[in-house]
file query35.csv (CSV, C-alpha atoms)
chain,number,residue,atom,x,y,z
A,1,MET,CA,-1.3,22.4,-13.6
A,2,LEU,CA,-1.8,21.6,-9.9
A,3,ASP,CA,0.1,22.2,-6.7
A,4,ILE,CA,0.7,18.8,-5.1
A,5,GLY,CA,2.4,17.9,-1.8
A,6,VAL,CA,3.8,14.4,-1.7
A,7,LEU,CA,4.2,13.3,1.9
A,8,GLY,CA,6.7,10.5,2.1
A,9,ALA,CA,10.0,10.2,0.3
A,10,GLY,CA,10.3,6.4,0.1
A,11,SER,CA,10.5,4.6,-3.2
A,12,TRP,CA,6.8,5.0,-4.1
A,13,GLY,CA,6.5,8.5,-2.8
A,14,THR,CA,9.6,9.6,-4.7
A,15,THR,CA,8.3,7.8,-7.8
A,16,LEU,CA,4.9,9.5,-7.6
A,17,ALA,CA,6.6,12.9,-7.1
A,18,LEU,CA,8.7,12.4,-10.2
A,19,HIS,CA,5.7,11.3,-12.2
A,20,LEU,CA,3.6,14.3,-11.2
A,21,TYR,CA,6.5,16.7,-11.7
A,22,GLY,CA,7.0,15.2,-15.2
A,23,LEU,CA,3.3,16.0,-16.0
A,24,GLY,CA,4.0,19.7,-15.3
A,25,HIS,CA,2.5,19.9,-11.8
A,26,ARG,CA,4.2,21.9,-9.1
A,27,VAL,CA,5.4,19.3,-6.6
A,28,THR,CA,6.8,19.5,-3.1
A,29,LEU,CA,8.3,16.3,-1.7
A,30,TRP,CA,8.2,15.9,2.1
A,31,GLU,CA,10.9,13.9,3.8
A,32,PHE,CA,10.4,13.9,7.6
A,33,ARG,CA,14.1,13.6,8.5
A,34,PRO,CA,15.9,17.0,7.9
A,35,ASP,CA,19.2,15.3,7.2
A,36,ALA,CA,17.7,13.0,4.7
A,37,ALA,CA,15.9,15.9,3.0
A,38,GLU,CA,19.2,17.7,2.7
A,39,ARG,CA,20.8,14.7,1.1
A,40,LEU,CA,18.0,14.5,-1.4
A,41,ARG,CA,18.6,18.1,-2.3
A,42,SER,CA,22.4,17.8,-2.5
A,43,ASP,CA,22.6,14.4,-4.2
A,44,HIS,CA,19.7,15.0,-6.6
A,45,GLU,CA,19.0,11.3,-6.1
A,46,ASN,CA,17.2,9.2,-3.5
A,47,LYS,CA,20.1,6.9,-2.9
A,48,GLU,CA,18.4,5.2,0.0
A,49,PHE,CA,15.1,4.2,-1.6
A,50,LEU,CA,15.3,4.8,-5.4
A,51,PRO,CA,19.0,4.7,-6.4
A,52,GLY,CA,20.0,5.6,-10.0
A,53,ILE,CA,17.0,7.8,-10.7
A,54,PRO,CA,17.9,11.5,-10.9
A,55,LEU,CA,15.8,14.1,-9.1
A,56,PRO,CA,15.3,17.4,-11.0
A,57,ASP,CA,17.0,20.5,-9.5
A,58,THR,CA,13.7,22.3,-9.5
A,59,LEU,CA,11.8,19.6,-7.6
A,60,GLU,CA,11.0,21.1,-4.2
A,61,ILE,CA,12.1,19.0,-1.2
A,62,THR,CA,11.4,19.9,2.4
A,63,SER,CA,11.3,18.5,5.9
A,64,ASP,CA,8.7,21.1,6.9
A,65,LEU,CA,5.2,19.4,6.8
A,66,GLY,CA,3.4,22.7,6.8
A,67,GLU,CA,5.4,23.9,3.8
A,68,ALA,CA,4.7,20.7,2.0
A,69,CYS,CA,0.9,21.1,2.5
A,70,HIS,CA,0.5,24.9,2.3
A,71,GLY,CA,-1.7,26.0,-0.6
A,72,LYS,CA,-1.7,22.6,-2.3
A,73,ASP,CA,-4.5,21.2,-4.4
A,74,ILE,CA,-3.7,17.6,-3.5
A,75,TRP,CA,-2.1,16.2,-0.3
A,76,LEU,CA,-0.7,12.8,-1.4
A,77,VAL,CA,0.1,10.6,1.7
A,78,VAL,CA,2.7,7.9,0.9
A,79,VAL,CA,4.1,7.0,4.3
A,80,PRO,CA,4.1,3.4,5.9
A,81,SER,CA,0.8,2.5,7.3
A,82,HIS,CA,2.1,2.3,10.9
A,83,VAL,CA,3.1,5.9,10.9
A,84,VAL,CA,0.1,7.3,9.0
A,85,ARG,CA,-1.7,8.3,12.3
A,86,SER,CA,1.3,10.2,13.7
A,87,VAL,CA,1.8,12.1,10.4
A,88,VAL,CA,-1.9,13.0,10.1
A,89,GLU,CA,-1.9,14.1,13.7
A,90,ARG,CA,0.6,16.7,12.7
A,91,MET,CA,-1.6,17.8,9.8
A,92,LYS,CA,-4.9,18.2,11.6
A,93,ASP,CA,-4.4,21.9,12.4
A,94,LEU,CA,-3.1,22.8,8.9
A,95,PRO,CA,-5.6,24.7,6.7
A,96,LEU,CA,-7.2,22.2,4.3
A,97,ASP,CA,-8.7,24.9,2.0
A,98,ASP,CA,-9.9,23.1,-1.1
A,99,ALA,CA,-7.3,20.3,-1.1
A,100,ILE,CA,-8.1,16.7,-1.8
A,101,ILE,CA,-6.4,14.1,0.4
A,102,VAL,CA,-5.2,11.0,-1.4
A,103,THR,CA,-3.5,8.0,0.2
A,104,ALA,CA,-1.2,5.8,-1.8
A,105,THR,CA,-0.4,3.7,1.3
A,106,LYS,CA,-1.6,0.0,1.3
A,107,GLY,CA,-2.1,-1.2,4.9
A,108,ILE,CA,-4.5,-1.8,7.8
A,109,GLU,CA,-3.7,-0.3,11.2
A,110,ASN,CA,-3.1,-2.8,14.0
A,111,ARG,CA,-5.5,-2.7,17.0
A,112,THR,CA,-8.0,-0.3,15.5
A,113,LEU,CA,-8.2,-2.3,12.2
A,114,TYR,CA,-8.8,0.9,10.3
A,115,ARG,CA,-8.1,1.4,6.6
A,116,VAL,CA,-5.9,4.4,5.9
A,117,THR,CA,-8.8,6.7,5.0
A,118,GLU,CA,-10.5,5.6,8.2
A,119,ILE,CA,-7.4,6.8,10.1
A,120,PHE,CA,-7.8,10.1,8.2
A,121,GLN,CA,-11.4,10.5,9.4
A,122,ASP,CA,-10.7,9.3,12.9
A,123,THR,CA,-7.8,11.7,13.4
A,124,CYS,CA,-9.2,14.7,11.3
A,125,PRO,CA,-13.0,14.4,11.4
A,126,GLN,CA,-13.2,17.9,10.0
A,127,TRP,CA,-11.9,16.6,6.7
A,128,PRO,CA,-14.9,16.2,4.4
A,129,SER,CA,-15.2,12.5,3.3
A,130,GLU,CA,-16.0,13.7,-0.3
A,131,ARG,CA,-12.4,15.0,-0.5
A,132,ILE,CA,-10.7,11.8,0.5
A,133,ALA,CA,-9.4,9.2,-2.0
A,134,ALA,CA,-7.2,6.2,-2.3
A,135,LEU,CA,-4.8,5.2,-5.1
A,136,SER,CA,-4.1,1.5,-5.6
A,137,GLY,CA,-3.3,-1.2,-8.1
A,138,PRO,CA,-0.3,-3.1,-9.6
A,139,SER,CA,2.3,-0.4,-9.6
A,140,LEU,CA,5.9,-1.4,-8.7
A,141,ALA,CA,7.9,1.8,-8.2
A,142,SER,CA,10.9,0.4,-10.1
A,143,GLU,CA,8.7,0.1,-13.2
A,144,VAL,CA,6.7,3.3,-12.9
A,145,CYS,CA,9.8,5.4,-12.6
A,146,MET,CA,11.1,3.7,-15.9
A,147,GLN,CA,7.8,4.7,-17.5
A,148,ILE,CA,6.8,1.1,-18.2
A,149,PRO,CA,3.0,0.9,-19.0
A,150,THR,CA,1.0,0.6,-15.8
A,151,SER,CA,-2.6,0.9,-14.8
A,152,VAL,CA,-4.0,1.9,-11.4
A,153,VAL,CA,-7.3,2.9,-9.8
A,154,VAL,CA,-8.2,5.8,-7.7
A,155,ALA,CA,-11.3,5.5,-5.5
A,156,SER,CA,-13.5,8.0,-3.5
A,157,GLU,CA,-17.0,7.8,-2.1
A,158,PHE,CA,-17.6,10.9,-4.2
A,159,LEU,CA,-16.9,10.0,-7.9
A,160,PRO,CA,-16.0,13.5,-9.0
A,161,THR,CA,-13.1,13.5,-6.5
A,162,ALA,CA,-11.8,10.3,-7.9
A,163,GLN,CA,-12.1,11.7,-11.4
A,164,ARG,CA,-10.2,14.8,-10.5
A,165,VAL,CA,-7.3,12.8,-9.2
A,166,GLN,CA,-7.6,10.5,-12.2
A,167,HIS,CA,-7.0,13.4,-14.6
A,168,ALA,CA,-4.2,14.8,-12.5
A,169,PHE,CA,-2.2,11.5,-12.5
A,170,PHE,CA,-3.0,10.1,-16.0
A,171,SER,CA,-0.2,9.9,-18.5
A,172,PRO,CA,0.6,7.9,-21.6
A,173,TYR,CA,2.4,5.3,-19.4
A,174,LEU,CA,0.1,5.5,-16.3
A,175,ARG,CA,-3.5,4.7,-17.1
A,176,VAL,CA,-5.8,5.6,-14.2
A,177,TYR,CA,-9.3,4.3,-13.6
A,178,ALA,CA,-11.8,5.8,-11.2
A,179,SER,CA,-14.0,4.0,-8.7
A,180,GLU,CA,-16.6,4.8,-6.0
A,181,ASP,CA,-15.7,1.6,-4.0
A,182,LEU,CA,-13.3,3.1,-1.6
A,183,VAL,CA,-13.6,0.2,0.9
A,184,GLY,CA,-12.9,-2.4,-1.8
A,185,VAL,CA,-10.0,-0.6,-3.3
A,186,GLU,CA,-8.3,-0.1,0.0
A,187,LEU,CA,-8.9,-3.6,1.3
A,188,GLY,CA,-7.8,-5.3,-2.0
A,189,GLY,CA,-4.5,-3.3,-1.9
A,190,ALA,CA,-3.8,-4.1,1.7
A,191,LEU,CA,-4.9,-7.7,1.9
A,192,LYS,CA,-3.0,-8.9,-1.2
A,193,ASN,CA,0.2,-8.2,0.6
A,194,VAL,CA,-0.6,-11.0,3.1
A,195,ILE,CA,-1.2,-13.5,0.2
A,196,ALA,CA,2.1,-12.3,-1.3
A,197,ILE,CA,4.0,-13.3,1.8
A,198,ALA,CA,2.3,-16.7,1.5
A,199,ALA,CA,3.3,-16.9,-2.2
A,200,GLY,CA,6.9,-16.1,-1.2
A,201,ILE,CA,6.9,-18.8,1.4
A,202,CYS,CA,5.9,-21.3,-1.3
A,203,ASP,CA,8.7,-20.0,-3.6
A,204,GLY,CA,11.2,-20.4,-0.7
A,205,LEU,CA,10.0,-23.9,-0.1
A,206,GLY,CA,10.6,-24.8,-3.7
A,207,TYR,CA,7.0,-25.4,-4.7
A,208,GLY,CA,5.9,-24.9,-8.3
A,209,ASP,CA,3.4,-23.1,-10.5
A,210,ASN,CA,0.5,-25.4,-9.6
A,211,THR,CA,0.9,-24.3,-6.0
A,212,LYS,CA,1.2,-20.6,-6.9
A,213,GLY,CA,-1.9,-20.8,-9.1
A,214,ALA,CA,-3.9,-22.4,-6.3
A,215,LEU,CA,-2.7,-19.9,-3.8
A,216,LEU,CA,-3.6,-16.8,-5.8
A,217,THR,CA,-7.0,-18.2,-6.7
A,218,ARG,CA,-7.9,-19.2,-3.1
A,219,GLY,CA,-6.2,-16.1,-1.7
A,220,LEU,CA,-8.4,-13.9,-3.9
A,221,ALA,CA,-11.5,-15.8,-2.7
A,222,GLU,CA,-10.8,-15.0,0.9
A,223,ILE,CA,-9.8,-11.4,0.2
A,224,SER,CA,-13.2,-11.1,-1.6
A,225,ARG,CA,-15.1,-12.7,1.2
A,226,LEU,CA,-13.8,-10.4,3.9
A,227,GLY,CA,-13.9,-7.4,1.6
A,228,MET,CA,-17.6,-7.9,0.8
A,229,ALA,CA,-18.4,-8.5,4.5
A,230,MET,CA,-16.9,-5.1,5.1
A,231,GLY,CA,-18.8,-3.3,2.4
A,232,GLY,CA,-16.7,-3.7,-0.7
A,233,LYS,CA,-18.0,-4.8,-4.1
A,234,ARG,CA,-17.2,-8.2,-5.6
A,235,VAL,CA,-16.3,-6.7,-8.9
A,236,THR,CA,-13.6,-4.5,-7.3
A,237,PHE,CA,-11.6,-7.6,-6.1
A,238,ALA,CA,-11.5,-8.9,-9.7
A,239,GLY,CA,-10.1,-5.5,-10.8
A,240,LEU,CA,-6.7,-3.7,-10.6
A,241,SER,CA,-6.6,-3.2,-6.8
A,242,GLY,CA,-7.6,-6.9,-6.2
A,243,MET,CA,-6.6,-9.5,-8.8
A,244,GLY,CA,-4.2,-7.1,-10.7
A,245,ASP,CA,-2.2,-6.2,-7.7
A,246,LEU,CA,-2.3,-9.7,-6.3
A,247,ILE,CA,-0.8,-11.2,-9.5
A,248,THR,CA,2.0,-8.6,-9.6
A,249,THR,CA,2.9,-8.7,-5.9
A,250,CYS,CA,2.9,-12.5,-5.7
A,251,ASN,CA,5.1,-13.0,-8.7
A,252,SER,CA,7.5,-10.0,-9.0
A,253,PRO,CA,11.1,-10.4,-7.8
A,254,HIS,CA,10.8,-6.7,-6.8
A,255,SER,CA,7.9,-7.4,-4.3
A,256,ARG,CA,9.0,-6.8,-0.7
A,257,ASN,CA,6.3,-8.9,0.7
A,258,ARG,CA,7.0,-11.9,-1.6
A,259,HIS,CA,10.7,-11.4,-0.6
A,260,VAL,CA,9.9,-11.7,3.1
A,261,GLY,CA,7.9,-14.9,2.5
A,262,GLU,CA,10.6,-16.4,0.3
A,263,GLN,CA,13.2,-15.8,3.0
A,264,ILE,CA,11.0,-17.4,5.6
A,265,GLY,CA,10.5,-20.4,3.3
A,266,ARG,CA,14.2,-20.8,3.1
A,267,GLY,CA,14.4,-21.0,6.9
A,268,ARG,CA,15.2,-17.5,8.0
A,269,LYS,CA,13.5,-15.8,11.0
A,270,LEU,CA,11.2,-12.8,10.5
A,271,GLN,CA,13.1,-10.3,12.6
A,272,GLU,CA,16.4,-11.2,10.9
A,273,ILE,CA,14.8,-10.6,7.5
A,274,LEU,CA,13.2,-7.3,8.5
A,275,ASP,CA,16.5,-6.1,10.0
A,276,ASP,CA,18.2,-6.5,6.6
A,277,MET,CA,15.5,-4.6,4.7
A,278,VAL,CA,15.7,-0.8,4.0
A,279,MET,CA,12.1,-0.5,2.9
A,280,VAL,CA,8.8,-1.6,4.6
A,281,ALA,CA,7.0,-4.8,3.8
A,282,GLU,CA,3.4,-3.7,4.6
A,283,GLY,CA,2.1,-7.3,4.6
A,284,VAL,CA,3.8,-8.2,7.9
A,285,LYS,CA,1.8,-5.8,10.0
A,286,THR,CA,-1.3,-6.2,7.8
A,287,SER,CA,-1.2,-10.0,8.5
A,288,GLN,CA,-2.0,-9.3,12.1
A,289,SER,CA,-4.8,-6.9,11.2
A,290,ALA,CA,-6.2,-9.3,8.5
A,291,TYR,CA,-6.3,-12.1,11.0
A,292,ASP,CA,-8.1,-10.0,13.6
A,293,LEU,CA,-10.6,-8.7,11.0
A,294,SER,CA,-11.4,-12.3,9.9
A,295,LYS,CA,-12.2,-13.2,13.5
A,296,ARG,CA,-14.2,-10.0,14.0
A,297,HIS,CA,-16.4,-10.6,10.9
A,298,HIS,CA,-16.4,-14.5,11.3
A,299,ILE,CA,-15.0,-14.9,7.8
A,300,PRO,CA,-12.9,-18.0,7.1
A,301,MET,CA,-9.5,-16.9,5.7
A,302,PRO,CA,-7.3,-20.1,6.0
A,303,ILE,CA,-4.3,-18.8,4.0
A,304,THR,CA,-4.2,-15.5,6.0
A,305,GLU,CA,-4.5,-17.5,9.2
A,306,GLU,CA,-1.6,-19.8,8.3
A,307,ALA,CA,0.5,-16.8,7.2
A,308,TYR,CA,-0.2,-15.2,10.6
A,309,TYR,CA,0.8,-18.3,12.5
A,310,VAL,CA,4.0,-18.6,10.5
A,311,LEU,CA,4.9,-15.0,11.0
A,312,PHE,CA,4.0,-14.5,14.6
A,313,HIS,CA,3.9,-17.9,16.2
A,314,ASP,CA,6.9,-19.5,14.5
A,315,LYS,CA,4.8,-22.2,12.8
A,316,ASP,CA,6.8,-24.4,10.4
A,317,PRO,CA,6.0,-23.3,6.8
A,318,ARG,CA,5.7,-26.8,5.5
A,319,ALA,CA,3.3,-27.7,8.3
A,320,ALA,CA,1.2,-24.7,7.4
A,321,VAL,CA,1.0,-25.8,3.8
A,322,GLU,CA,0.1,-29.3,4.8
A,323,ASP,CA,-2.6,-28.0,7.1
A,324,LEU,CA,-4.1,-26.0,4.2
A,325,MET,CA,-4.1,-29.0,1.9
A,326,MET,CA,-5.7,-31.3,4.5
A,327,ARG,CA,-8.6,-29.1,5.4
A,328,ASP,CA,-12.1,-30.6,5.1
A,329,LEU,CA,-13.2,-30.9,1.5
A,330,LYS,CA,-15.7,-28.3,0.3
A,331,VAL,CA,-17.5,-27.0,-2.8
A,332,GLU,CA,-15.5,-24.3,-4.6
A,333,ASP,CA,-16.9,-20.8,-3.9
call {"tool": "encode", "arguments": {"input": "query35.csv", "output": "structure tokens"}}
result
Amino acid sequence: MLDIGVLGAGSWGTTLALHLYGLGHRVTLWEFRPDAAERLRSDHENKEFLPGIPLPDTLEITSDLGEACHGKDIWLVVVPSHVVRSVVERMKDLPLDDAIIVTATKGIENRTLYRVTEIFQDTCPQWPSERIAALSGPSLASEVCMQIPTSVVVASEFLPTAQRVQHAFFSPYLRVYASEDLVGVELGGALKNVIAIAAGICDGLGYGDNTKGALLTRGLAEISRLGMAMGGKRVTFAGLSGMGDLITTCNSPHSRNRHVGEQIGRGRKLQEILDDMVMVAEGVKTSQSAYDLSKRHHIPMPITEEAYYVLFHDKDPRAAVEDLMMRDLKVED
């Protein structure tokens, strides 16, 4: 049994807290808003992000970050990628002791273009890299909290760290694989959200299975190209954090990123869609970062580029699809 601090009480953070609590670990769930933390304690339910799933009376809930981290074996960071830096800034003076820091956030920071674990190391260079890990893979919170069989992967540059987290999270309904390809696992989990927005656009436009099959295949090709240019391994992008997560996110009606794309395909404007959403669609901000990374590394990413222009330059979605279809002919790679 381990002491684990789960930092972030959104749908995924709450789900992971419940999962780890159910395995017998001592879990503290951190919600940064004191009033929201009090509601979680009094309602015994996360009505905002995970309605209908009861929270045990003995699950510790706090808005005190120091309390959530003190004496823990694992710090599990599950906040939106655009607030990771501000949260970690508040953690840098907390005693790490022997804790492992795990991110379950899938995103790439705008401007710096850092992966989440790079934000950790940039903000807290005193944190040893061998104690940093990332959890990723096809894992919709709505299914994991219902204990529907799911497989994920945890990666660290130091394999024993990944294996320790693997054993802590494993259950009969959550199979966990270990990996040493931290770069590939993080990039696969983040970049697939951009392709999921493109998949949703195709759904909103009324296109069919042929279109979706082509989009996923060519989307995975450009994720892999960029990922390998940045140090990831090709095999990782064919695994759970790449192909697996891509298939789930591009097809599931529960996918926030696919939902954003679908609404755009139906003619709605991005800000209007985001204003109506309670939860964060990571792919929107990641589209900007992915576009910038493709230019930095001189990697052709045509689907990502068209998604970026639709999201941020109001390009007509049908024109974007037409431009993709009419590109110069090439040999399949």
call {"tool": "residues_around", "arguments": {"input": "query35.csv", "residues": "A:Leu59", "least_positions_apart": "5", "cutoff": "8 Å", "atoms": "only C-alpha atoms", "output": "list in words"}}
result
Tyr21, Val27, Thr28 and Leu29 of chain A
call {"tool": "write_last_selection", "arguments": {"input": "query35.csv", "atoms": "C-alpha atoms", "output": "PDB file, keeping the file's coordinate frame"}}
result
ATOM      1  CA  TYR A  21       6.500  16.700 -11.700  1.00  0.00           C
ATOM      2  CA  VAL A  27       5.400  19.300  -6.600  1.00  0.00           C
ATOM      3  CA  THR A  28       6.800  19.500  -3.100  1.00  0.00           C
ATOM      4  CA  LEU A  29       8.300  16.300  -1.700  1.00  0.00           C
TER       5      LEU A  29
END
call {"tool": "residues_near_point", "arguments": {"input": "query35.csv", "point": "(-9.6, 1.3, 7.3)", "cutoff": "12 Å", "atoms": "only C-alpha atoms", "output": "PyMOL selection string"}}
result
chain A and resi 81+84-85+103+105-122+134+182-191+227+230-232+286+289-290+293
call {"tool": "residues_around", "arguments": {"input": "query35.csv", "residues": "A:Ser287", "least_positions_apart": "4", "cutoff": "8 Å", "atoms": "only C-alpha atoms", "output": "PyMOL selection string"}}
result
chain A and resi 191+194+283+291+304+307-308
call {"tool": "write_last_selection", "arguments": {"input": "query35.csv", "atoms": "C-alpha atoms", "output": "short mmCIF file (atom, residue, chain, number, x, y, z; two decimals), in the frame of the given file"}}
result
data_model
loop_
_atom_site.label_atom_id
_atom_site.label_comp_id
_atom_site.auth_asym_id
_atom_site.auth_seq_id
_atom_site.Cartn_x
_atom_site.Cartn_y
_atom_site.Cartn_z
CA LEU A 191 -4.90 -7.70 1.90
CA VAL A 194 -0.60 -11.00 3.10
CA GLY A 283 2.10 -7.30 4.60
CA TYR A 291 -6.30 -12.10 11.00
CA THR A 304 -4.20 -15.50 6.00
CA ALA A 307 0.50 -16.80 7.20
CA TYR A 308 -0.20 -15.20 10.60
#
call {"tool": "residues_around", "arguments": {"input": "query35.csv", "residues": "A:Arg266", "least_positions_apart": "2", "cutoff": "8 Å", "atoms": "only C-alpha atoms", "output": "compact mmCIF listing (two decimals) with C-alpha atoms, in the coordinates of the input"}}
result
# COMPACT_ATOMS: atom_id res chain seq x y z
CA ILE A 201 6.90 -18.80 1.40
CA GLY A 204 11.20 -20.40 -0.70
CA LEU A 205 10.00 -23.90 -0.10
CA GLU A 262 10.60 -16.40 0.30
CA GLN A 263 13.20 -15.80 3.00
CA ILE A 264 11.00 -17.40 5.60
CA ARG A 268 15.20 -17.50 8.00
call {"tool": "atom_distance", "arguments": {"input": "query35.csv", "atom1": "atom CA of A:Pro172", "atom2": "atom CA of A:Gly52"}}
result
22.7 Å
call {"tool": "residues_around", "arguments": {"input": "query35.csv", "residues": "A:Val235", "least_positions_apart": "5", "cutoff": "10 Å", "atoms": "only C-alpha atoms", "output": "list in words"}}
result
Asp181, Gly184, Ser224, Met228 and Gly242 of chain A
call {"tool": "closest_residue", "arguments": {"input": "query35.csv", "among": "A:Leu135, A:Phe170, A:Lys72, A:Phe49", "to": "A:Ser241", "atoms": "all atoms listed in the file"}}
result
A:Leu135
call {"tool": "closest_residue", "arguments": {"input": "query35.csv", "among": "A:Leu20, A:Val321, A:Ala155, A:Leu96", "to": "A:Leu215", "atoms": "only C-alpha atoms"}}
result
A:Val321
call {"tool": "atom_distance", "arguments": {"input": "query35.csv", "atom1": "atom CA of A:Asp3", "atom2": "atom CA of A:Met279"}}
result
27.4 Å
call {"tool": "decode", "arguments": {"input": "query35.csv", "residues": "stretch 231-249 of chain A", "atoms": "N, CA and C atoms", "output": "PDB file, in the first residue's frame"}}
result
ATOM      1  N   GLY A 231      12.992  12.275 -30.921  1.00  0.00           N
ATOM      2  CA  GLY A 231      13.645  11.276 -30.087  1.00  0.00           C
ATOM      3  C   GLY A 231      12.796  10.103 -29.676  1.00  0.00           C
ATOM      4  N   GLY A 232      11.539  10.054 -30.089  1.00  0.00           N
ATOM      5  CA  GLY A 232      10.692   8.915 -29.774  1.00  0.00           C
ATOM      6  C   GLY A 232      10.994   7.724 -30.674  1.00  0.00           C
ATOM      7  N   LYS A 233      10.515   6.557 -30.265  1.00  0.00           N
ATOM      8  CA  LYS A 233      10.745   5.332 -31.025  1.00  0.00           C
ATOM      9  C   LYS A 233       9.511   4.992 -31.870  1.00  0.00           C
ATOM     10  N   ARG A 234       9.761   4.547 -33.106  1.00  0.00           N
ATOM     11  CA  ARG A 234       8.651   4.240 -34.010  1.00  0.00           C
ATOM     12  C   ARG A 234       7.666   3.258 -33.385  1.00  0.00           C
ATOM     13  N   VAL A 235       8.168   2.229 -32.708  1.00  0.00           N
ATOM     14  CA  VAL A 235       7.292   1.200 -32.154  1.00  0.00           C
ATOM     15  C   VAL A 235       6.322   1.788 -31.125  1.00  0.00           C
ATOM     16  N   THR A 236       6.729   2.837 -30.425  1.00  0.00           N
ATOM     17  CA  THR A 236       5.858   3.457 -29.418  1.00  0.00           C
ATOM     18  C   THR A 236       4.599   4.018 -30.058  1.00  0.00           C
ATOM     19  N   PHE A 237       4.723   4.589 -31.251  1.00  0.00           N
ATOM     20  CA  PHE A 237       3.574   5.219 -31.894  1.00  0.00           C
ATOM     21  C   PHE A 237       2.610   4.180 -32.474  1.00  0.00           C
ATOM     22  N   ALA A 238       3.053   2.937 -32.569  1.00  0.00           N
ATOM     23  CA  ALA A 238       2.150   1.840 -32.942  1.00  0.00           C
ATOM     24  C   ALA A 238       1.535   1.195 -31.712  1.00  0.00           C
ATOM     25  N   GLY A 239       1.855   1.716 -30.520  1.00  0.00           N
ATOM     26  CA  GLY A 239       1.402   1.120 -29.276  1.00  0.00           C
ATOM     27  C   GLY A 239       0.225   1.854 -28.661  1.00  0.00           C
ATOM     28  N   LEU A 240       0.046   1.646 -27.355  1.00  0.00           N
ATOM     29  CA  LEU A 240      -1.129   2.165 -26.655  1.00  0.00           C
ATOM     30  C   LEU A 240      -1.202   3.681 -26.647  1.00  0.00           C
ATOM     31  N   SER A 241      -0.066   4.350 -26.453  1.00  0.00           N
ATOM     32  CA  SER A 241      -0.083   5.817 -26.377  1.00  0.00           C
ATOM     33  C   SER A 241      -0.152   6.465 -27.747  1.00  0.00           C
ATOM     34  N   GLY A 242       0.036   5.686 -28.805  1.00  0.00           N
ATOM     35  CA  GLY A 242      -0.054   6.194 -30.163  1.00  0.00           C
ATOM     36  C   GLY A 242      -1.316   5.705 -30.837  1.00  0.00           C
ATOM     37  N   MET A 243      -1.213   4.590 -31.556  1.00  0.00           N
ATOM     38  CA  MET A 243      -2.358   4.061 -32.284  1.00  0.00           C
ATOM     39  C   MET A 243      -3.551   3.782 -31.377  1.00  0.00           C
ATOM     40  N   GLY A 244      -3.298   3.189 -30.204  1.00  0.00           N
ATOM     41  CA  GLY A 244      -4.402   2.832 -29.318  1.00  0.00           C
ATOM     42  C   GLY A 244      -5.213   4.039 -28.897  1.00  0.00           C
ATOM     43  N   ASP A 245      -4.525   5.065 -28.416  1.00  0.00           N
ATOM     44  CA  ASP A 245      -5.215   6.271 -27.967  1.00  0.00           C
ATOM     45  C   ASP A 245      -5.847   7.015 -29.140  1.00  0.00           C
ATOM     46  N   LEU A 246      -5.187   6.968 -30.288  1.00  0.00           N
ATOM     47  CA  LEU A 246      -5.704   7.635 -31.482  1.00  0.00           C
ATOM     48  C   LEU A 246      -7.046   7.030 -31.900  1.00  0.00           C
ATOM     49  N   ILE A 247      -7.129   5.704 -31.947  1.00  0.00           N
ATOM     50  CA  ILE A 247      -8.365   5.038 -32.350  1.00  0.00           C
ATOM     51  C   ILE A 247      -9.503   5.403 -31.406  1.00  0.00           C
ATOM     52  N   THR A 248      -9.230   5.321 -30.101  1.00  0.00           N
ATOM     53  CA  THR A 248     -10.269   5.603 -29.120  1.00  0.00           C
ATOM     54  C   THR A 248     -10.732   7.047 -29.194  1.00  0.00           C
ATOM     55  N   THR A 249      -9.803   7.978 -29.207  1.00  0.00           N
ATOM     56  CA  THR A 249     -10.154   9.389 -29.144  1.00  0.00           C
ATOM     57  C   THR A 249     -10.827   9.878 -30.417  1.00  0.00           C
TER      58      THR A 249
END
